[in-house]
Amino acid sequence: MRETVPGVSEGARAAHEGILRRQSARESAARTYARALPIVPVRARGLTIEGADGRRYLDCLSGAGTLALGHNHPVVLEAIRKVLDSGAPLHVLDLATPVKDAFTTELFRTLPPEFAARARVQFCGPAGTDAVEAAFKLVRAATGRTGMLAFTGAYHGMTAGALEASGGATEVRVARLPYPQDYRCPFGIGGERGAELAARWTESLLDDTKSGVPRPAGMILEPVQGEGGVIPAPDDWMRRMREITAARSIPLIADEVQTGVGRTGAFWAVEHSGITPDVMVLSKAIGGSLPLAVVVYRDDLDVWQPGAHAGTFRGNQLAMAAGTATLAYVRENGLAERAATLGSRMLTQLRGLAEEFSCIGDVRGRGLMIGVELVDPDTAPDTPTDGPRPAAPELAAAVQRECLRRGLIVELGGRRASVVRLLPPLTISDEQATAVLDRLADAVATVAAAARAGLGGAAGHGRGSASGEHAG
């Protein structure tokens, strides 16, 4: 089922196994992707990864959305080489450099014009969670308040403050609000009515003097919840959140770490609703595959004293050069529009697959940020009125394994890790998209057949193809 590279020796395969054994023995129990994806990448280009054992894979994880242009895109490599060959310093803290100036210029060119006109940028630590922490510090300093508003299902990072605002938090200083969705609506109704109730709940919480929630320092939201299960926020609801926060002088923070740089079919996902946030948190794709994170915010929030927030590696010159090349390439080549068109086509095809297999409860997404939720087809719905069936994380894990057998790398997400997620690079071709969907369909068919036979997702013959194998 997987394409192999001719001439790979048994020694290479043994080396592959040895590397995996040593990783298991030496690395932290906290490792994640390595558990579900036991591969050893040695070469990569575009959508394709080649492992040390000679197998090739279509990568629809893309560094959790980091690789907007796929692996080792020529414009990114050229930008990095240019800096290396120039003799420019690679580490400069927050000093001004031509490389940084080019990055900020290109970044501001891509931002919504109303936002860019009054924006300031803060370079912080190199991960998205560092930018979230910086955004929290910023709005707390600007407002003199401490509390935060966040949403059920959110994911904002793994540092302490970011975790407090994420859906898996335990001890928090954050008020949790309902995030609207159709399939598993917190109010059981979905659609416009469900989104309106979520907005009213937010207003009531803020305006009720006995709600127990004092006026917060800010609200943070994802325009599409990624780790939460690929749940796009309704545009009308986004506009309501903007109205609610603006009327109460609450800074609105848009977490665009995964949704930014064309991923959802607009350069920035807030553009779908037309809102202008007060703060945007950016990372992943803005570094062109290298570590980089920034906070961009309205200038009147810029009340920090020198050194109020810093980070040793906030001046990564190679990441800024790679990021500039990526931002410009996405903008100049209309890749956001391409993501909207291709993503819509893929969603339509996947919804057709859902009609064929009852274990697919829902297909959703925006642009090239796509989720397929696996459910238990033999269990009664969660609600008396034909609501969604229970999530099936075991089936989702089985689909992920079967995808890997077919040379397709996918990620899992959602409340119970029951959502198969597709985050292909924006450069994916039509032929490659067909190959991805064929392999995913074959994996689902195999798992569905095994589940009917009581085999718990064991491998079978699927729909009889490793279709699209040449497309890698």
# chains A, B, ... in the order shown; residues from 1 in each chain; ligands from 1
$ select_by_dssp --residues "region 219-329 of chain A" --states "helix (DSSP H, G or I)" --output "VMD selection string"
chain A and resid 235 to 247 269 to 272 284 to 287 299 to 301 317 to 329
$ residues_around --residues "region 422-428 of chain A" --least-positions-apart "4" --cutoff "8 Å" --atoms "only C-alpha atoms" --output "ChimeraX atom specification"
/A:46-47,59-62,64-65,67-70,262-263,335-336,338-339,368-371,410-411,432-433
$ residues_around --residues "Gly18 (chain A)" --least-positions-apart "6" --cutoff "12 Å" --atoms "only C-alpha atoms" --output "list in words"
Gly11, Ala12, Ser24, Ala25, Pro38, Ile39, Val40, Ala52 and Asp53 of chain A
$ write_last_selection --atoms "C-alpha atoms" --output "CSV table (one decimal), in the first residue's frame"
chain,number,residue,atom,x,y,z
A,11,GLY,CA,20.5,-1.9,6.9
A,12,ALA,CA,18.6,1.3,6.3
A,24,SER,CA,11.4,5.6,22.9
A,25,ALA,CA,14.1,4.9,25.4
A,38,PRO,CA,6.3,5.8,13.9
A,39,ILE,CA,8.3,7.2,11.0
A,40,VAL,CA,11.8,8.6,10.7
A,52,ALA,CA,14.6,6.3,6.6
A,53,ASP,CA,13.0,2.9,5.7
$ closest_atom_pairs --of "region 122-163 of chain A" --to "region 277-293 of chain A" --cutoff "8 Å" --atoms "only C-alpha atoms" --output "CSV"
residue,atom,partner,partner_atom,distance
A:Phe123,CA,A:Ala293,CA,6.5
A:Cys124,CA,A:Ala293,CA,6.2
A:Gly125,CA,A:Ala293,CA,6.5
A:Pro126,CA,A:Leu292,CA,4.4
A:Ala127,CA,A:Ala293,CA,5.6
A:Gly128,CA,A:Ser283,CA,5.0
A:Asp130,CA,A:Ala293,CA,7.4
A:Ala131,CA,A:Val281,CA,5.9
A:Val132,CA,A:Val281,CA,6.3
A:Ala135,CA,A:Val281,CA,7.2
$ atom_distance --atom1 "CA of Val99 (chain A)" --atom2 "CA of Ala321 (chain A)"
6.1 Å
$ closest_residue --among "A:Ala450, A:Ala165, A:Leu408, A:Val296" --to "Leu111 (chain A)" --atoms "only C-alpha atoms"
A:Val296
$ closest_residue --among "A:Gly147, A:Gly229, A:Gly274, A:Gly315" --to "Ala391 (chain A)" --atoms "only C-alpha atoms"
A:Gly229
$ select_by_dssp --residues "region 131-204 of chain A" --states "strand (DSSP E)" --output "number ranges by chain"
A: 148-151, 174-177
$ write_last_selection --atoms "N, CA, C and O atoms" --output "compact mmCIF listing (two decimals), in the first residue's frame"
# COMPACT_ATOMS: atom_id res chain seq x y z
N MET A 148 -9.70 36.78 32.17
CA MET A 148 -9.77 36.56 30.72
C MET A 148 -11.05 35.79 30.39
O MET A 148 -11.53 35.00 31.19
N LEU A 149 -11.56 36.04 29.19
CA LEU A 149 -12.66 35.26 28.64
C LEU A 149 -12.11 34.35 27.56
O LEU A 149 -11.33 34.78 26.70
N ALA A 150 -12.50 33.08 27.60
CA ALA A 150 -12.10 32.11 26.58
C ALA A 150 -13.28 31.20 26.32
O ALA A 150 -14.36 31.38 26.89
N PHE A 151 -13.07 30.19 25.48
CA PHE A 151 -14.21 29.40 24.99
C PHE A 151 -13.98 27.90 25.19
O PHE A 151 -12.85 27.41 25.15
N VAL A 174 -9.99 32.00 34.33
CA VAL A 174 -10.61 32.32 33.05
C VAL A 174 -12.08 31.92 33.06
O VAL A 174 -12.42 30.83 33.50
N ALA A 175 -12.95 32.82 32.62
CA ALA A 175 -14.36 32.48 32.47
C ALA A 175 -14.56 31.80 31.12
O ALA A 175 -14.09 32.28 30.10
N ARG A 176 -15.25 30.67 31.14
CA ARG A 176 -15.42 29.87 29.94
C ARG A 176 -16.78 30.16 29.30
O ARG A 176 -17.81 30.14 29.96
N LEU A 177 -16.76 30.41 28.01
CA LEU A 177 -17.96 30.75 27.26
C LEU A 177 -18.28 29.66 26.23
O LEU A 177 -17.37 28.97 25.76
$ closest_residue --among "A:Arg45, A:Ala96, A:Gly161, A:Ala36" --to "Ala396 (chain A)" --atoms "only C-alpha atoms"
A:Ala36
$ atom_distance --atom1 "CA of Arg389 (chain A)" --atom2 "CA of Glu356 (chain A)"
16.3 Å
